[in-house]
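Asks: Below: one structure in structure tokens.
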Amino acid sequence: MTEVMKVVHTLIRTRASSRVYDPDRPVPPEMLTALLEAARWAPSSGNGQPWRYLVFDDRVPAAREDARSCLVPDNAVWAGRAPVLLLAIAREIRAGGKTNRYAKHDLGLANQNILLQAVAMGLCCRPMGGFNNEKAARLFRIPAGHLPMVMIALGFPGSPEDVGEAVREKEAQARTRRPVDEFAFLGAWGKHFLDNDA
């Protein structure tokens with residue numbers, strides 16, 4: 001690990017998007033409340049707090065099955081084993097009726113708070129865009145001006161032996177990230193942030 005990486009907080013370094021959950025171990029409501037409380041403290045444009053969440057767990061099994069039915073087949077294979085699904089929704093209209101062009105960004109900040117809080121509490125989590133958002137909006141009567149953006153699978157870690165080989169192979173793949181020099185520029189596009197002769 002590089003010296004720079006050591007400075008990055010452990011929660012950020014160790015967060016991973018897992019596909020392996022224990023389907024027989026429910027997440028207690030107080031833990032879900034803590035996750036939603038973490039979302040509540042995310043920053044947002046004009047303090048609009050445009051995030052909304054639908055929570056699907058074993059307290060309303062039929063609704064959770066409906067949520068699972070919205071997943072694309074590849075995600076349903078593993079996310080169907082997660083005891084909790086969250087549907088993260090962006091409220092795209094501000095209280096005064098104007099469009100909030102930052103709503104998706106702000107929802108992303110709230111989602112990241114949830115993911116980091118989940119890791120801190122020993123939970124696995126994986127956000128995914130692979131679901132039918134139109135079906136979700138219809139099934140769950142999501143009002144106009146609210147856009148279902150992401151499903152988040154949540155649960156306690158499971159055993160890789162309980163999932164299929166294809167999922168195990170994906171889980172075993174090394175995590176990769178672009179180096180800073182590929183995405184950060186200093187002063188103008190193309191002038192790499194890490195260039196020593198800036």
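Just so we're on the same page: first chain in the structure tokens is A, next is B, and so on; residues restart at 1 for each chain, and ligands are numbered from 1 in the order they show up.
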Find the residues around range 141-155 of chain A up to 6 Å (only C-alpha atoms counted), leave out those fewer than 6 positions away in its own chain, and share them as JSON, numbers by chain.
Replies: {"A": [21, 82, 83, 84, 85, 86, 87, 88, 89, 90, 91, 92, 93, 123, 124, 125, 126, 127, 128, 129, 133]}
Asks: Would you export the selected residues with C-alpha atoms as a PDB file, in the first residue's frame, please?
Replies:
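And here is the file that came out, result-v9.pdb:
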```
ATOM      1  CA  TYR A  21     -25.344 -12.259   1.493  1.00  0.00           C
ATOM      2  CA  ALA A  82     -30.067 -10.076   0.082  1.00  0.00           C
ATOM      3  CA  PRO A  83     -32.480  -9.700   3.008  1.00  0.00           C
ATOM      4  CA  VAL A  84     -32.910  -5.973   2.311  1.00  0.00           C
ATOM      5  CA  LEU A  85     -33.314  -3.902  -0.819  1.00  0.00           C
ATOM      6  CA  LEU A  86     -33.398  -0.123  -0.755  1.00  0.00           C
ATOM      7  CA  LEU A  87     -34.814   1.807  -3.672  1.00  0.00           C
ATOM      8  CA  ALA A  88     -33.063   5.186  -3.832  1.00  0.00           C
ATOM      9  CA  ILE A  89     -35.201   7.895  -5.429  1.00  0.00           C
ATOM     10  CA  ALA A  90     -34.296  11.434  -6.517  1.00  0.00           C
ATOM     11  CA  ARG A  91     -36.923  14.135  -5.998  1.00  0.00           C
ATOM     12  CA  GLU A  92     -36.309  16.178  -9.132  1.00  0.00           C
ATOM     13  CA  ILE A  93     -38.593  19.127  -8.312  1.00  0.00           C
ATOM     14  CA  LEU A 123     -22.929  -5.165   6.553  1.00  0.00           C
ATOM     15  CA  CYS A 124     -22.412  -5.941   2.889  1.00  0.00           C
ATOM     16  CA  CYS A 125     -23.953  -3.642   0.311  1.00  0.00           C
ATOM     17  CA  ARG A 126     -24.035  -3.179  -3.428  1.00  0.00           C
ATOM     18  CA  PRO A 127     -25.692  -0.355  -5.375  1.00  0.00           C
ATOM     19  CA  MET A 128     -26.995  -1.310  -8.818  1.00  0.00           C
ATOM     20  CA  GLY A 129     -28.607   0.353 -11.759  1.00  0.00           C
ATOM     21  CA  ASN A 133     -37.240   1.799 -12.836  1.00  0.00           C
TER      22      ASN A 133
END
```
Asks: Taking 4 positions as the minimum chain separation for residues in the same chain, which residues sit within 12 Å of range 157-171 of chain A when counting only C-alpha atoms? Answer as a PyMOL selection string.
Replies: chain A and resi 16-27+74-83+118-119+121-126+153+175
Asks: Write the residues of the selection above to a file with C-alpha atoms, as a short mmCIF file (atom, residue, chain, number, x, y, z; two decimals), in the first residue's frame.
Replies:
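Dumped to part10.cif:
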```cif
data_model
loop_
_atom_site.label_atom_id
_atom_site.label_comp_id
_atom_site.auth_asym_id
_atom_site.auth_seq_id
_atom_site.Cartn_x
_atom_site.Cartn_y
_atom_site.Cartn_z
CA ALA A 16 -16.61 -3.18 -1.65
CA SER A 17 -19.77 -3.98 -3.58
CA SER A 18 -20.49 -7.53 -2.46
CA ARG A 19 -22.82 -10.01 -4.13
CA VAL A 20 -22.73 -12.54 -1.27
CA TYR A 21 -25.34 -12.26 1.49
CA ASP A 22 -26.73 -14.42 4.27
CA PRO A 23 -30.42 -14.68 3.27
CA ASP A 24 -31.34 -16.17 6.66
CA ARG A 25 -30.04 -13.32 8.79
CA PRO A 26 -32.36 -10.30 8.75
CA VAL A 27 -31.00 -6.81 9.24
CA ASP A 74 -28.12 -11.06 -13.72
CA ASN A 75 -28.73 -9.03 -10.56
CA ALA A 76 -31.71 -11.12 -9.43
CA VAL A 77 -29.41 -14.16 -9.15
CA TRP A 78 -27.46 -12.69 -6.26
CA ALA A 79 -29.54 -9.71 -5.05
CA GLY A 80 -32.51 -12.01 -4.54
CA ARG A 81 -30.56 -13.46 -1.61
CA ALA A 82 -30.07 -10.08 0.08
CA PRO A 83 -32.48 -9.70 3.01
CA ALA A 118 -23.10 -0.17 6.25
CA VAL A 119 -19.41 -1.11 6.11
CA MET A 121 -21.64 -1.79 10.92
CA GLY A 122 -20.34 -5.01 9.34
CA LEU A 123 -22.93 -5.16 6.55
CA CYS A 124 -22.41 -5.94 2.89
CA CYS A 125 -23.95 -3.64 0.31
CA ARG A 126 -24.04 -3.18 -3.43
CA ALA A 153 -28.75 -4.67 -1.78
CA ARG A 175 -10.86 -4.40 -7.41
#
```
Asks: Nearest to His9 in chain A: which of A:Ala120, A:Arg94, A:Ala34, A:Asp57 is it, counting only C-alpha atoms?
Replies: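 Looking only at the distances to His9 in chain A, the closest residue turns out to be A:Ala120.
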Asks: Applying 12 Å and only C-alpha atoms, which residues near Arg13 in chain A remain after dropping the ones on its own chain fewer than 5 positions away? List them as an mmCIF file with C-alpha atoms, in the first residue's frame.
Replies:
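Now in out08.cif:
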```cif
data_model
loop_
_atom_site.group_PDB
_atom_site.id
_atom_site.type_symbol
_atom_site.label_atom_id
_atom_site.label_comp_id
_atom_site.auth_asym_id
_atom_site.auth_seq_id
_atom_site.Cartn_x
_atom_site.Cartn_y
_atom_site.Cartn_z
ATOM 1 C CA MET A 1 0.000 0.000 0.000
ATOM 2 C CA VAL A 4 -0.962 8.171 -0.043
ATOM 3 C CA MET A 5 -3.357 5.210 0.223
ATOM 4 C CA LYS A 6 -2.619 4.935 3.957
ATOM 5 C CA VAL A 7 -4.081 8.416 4.396
ATOM 6 C CA VAL A 8 -7.417 7.363 2.828
ATOM 7 C CA LEU A 116 -19.968 3.699 4.309
ATOM 8 C CA VAL A 119 -19.411 -1.106 6.106
ATOM 9 C CA ALA A 120 -18.856 0.433 9.554
ATOM 10 C CA ARG A 175 -10.857 -4.397 -7.415
ATOM 11 C CA THR A 176 -9.400 -1.907 -9.845
ATOM 12 C CA ARG A 177 -9.461 1.865 -9.861
#
```
